[in-house]
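Everything on this sheet refers to the single structure shown next.
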Amino acid sequence: MNIQKSSTPSRCPLCGENNVCGNLSANNNGEGCWCMDNSISFPDSLLNQVTDADKNTSCICKACALSHKPERDKST
Ligand SMILES: [Zn+2]
């Protein structure tokens, strides 16, 4: 992992809001991040909106992940 200091890992690369990533939080008690929730997915159509530079540094926020509903994903 080569995290660049110039980036803003706590900010969502899509909307710029705090992504509230549990993996970055200082008070993470081992519960992990909200993104570990099985009900939340990160399809390619969503990830493709993030630039390559941001993909390795910033997490997408919960709001953006939940608002993205790919029509083709019928996993349930
Ligand atoms: Zn966002």
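Note on naming: chains are A, B, ... as they come in the structure tokens, residues start from 1 per chain, ligands start from 1 in the order shown.
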Can you tell me which residues sit at most 7 Å away from ligand 1, counting only C-alpha atoms and all ligand atoms, written as an mmCIF file with C-alpha atoms, in the first residue's frame?
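Contents of the output file out-v4.cif:
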data_model
loop_
_atom_site.group_PDB
_atom_site.id
_atom_site.type_symbol
_atom_site.label_atom_id
_atom_site.label_comp_id
_atom_site.auth_asym_id
_atom_site.auth_seq_id
_atom_site.Cartn_x
_atom_site.Cartn_y
_atom_site.Cartn_z
ATOM 1 C CA CYS A 12 -15.794 10.764 -0.446
ATOM 2 C CA PRO A 13 -14.286 11.181 -3.939
ATOM 3 C CA LEU A 14 -17.767 11.522 -5.414
ATOM 4 C CA CYS A 15 -19.512 14.086 -3.217
ATOM 5 C CA GLY A 16 -16.701 15.387 -1.029
ATOM 6 C CA GLU A 17 -18.474 14.618 2.241
ATOM 7 C CA ASN A 19 -17.111 9.024 4.214
ATOM 8 C CA ILE A 60 -16.924 6.253 -1.210
ATOM 9 C CA CYS A 61 -19.324 7.531 1.433
ATOM 10 C CA LYS A 62 -22.360 5.604 2.608
ATOM 11 C CA ALA A 63 -24.789 8.022 0.993
ATOM 12 C CA CYS A 64 -23.258 7.569 -2.437
#
Give me the residues near Thr8 in chain A as number ranges by chain, where near means some atom within 10 Å (using only C-alpha atoms) and where sequence neighbours in that chain fewer than 5 positions away do not count. A: 13, 16, 18, 54, 57-59
Just the number, please: distance in Å from CA of Val50 in chain A to CA of Asn38 in chain A, one decimal. 21.2 Å
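Computed from the coordinates, the CA of His68 in chain A to CA of Cys35 in chain A distance equals 13.6 Å.
Closest to Gly22 in chain A among A:Ser41, A:Thr51, A:Ser10, A:Asn56 is A:Ser10, based on only C-alpha atoms.
Using only C-alpha atoms for every distance, the candidate list A:Val20, A:Leu66, A:Asp52, A:Ser45 yields A:Val20 as the residue closest to Cys33 in chain A.
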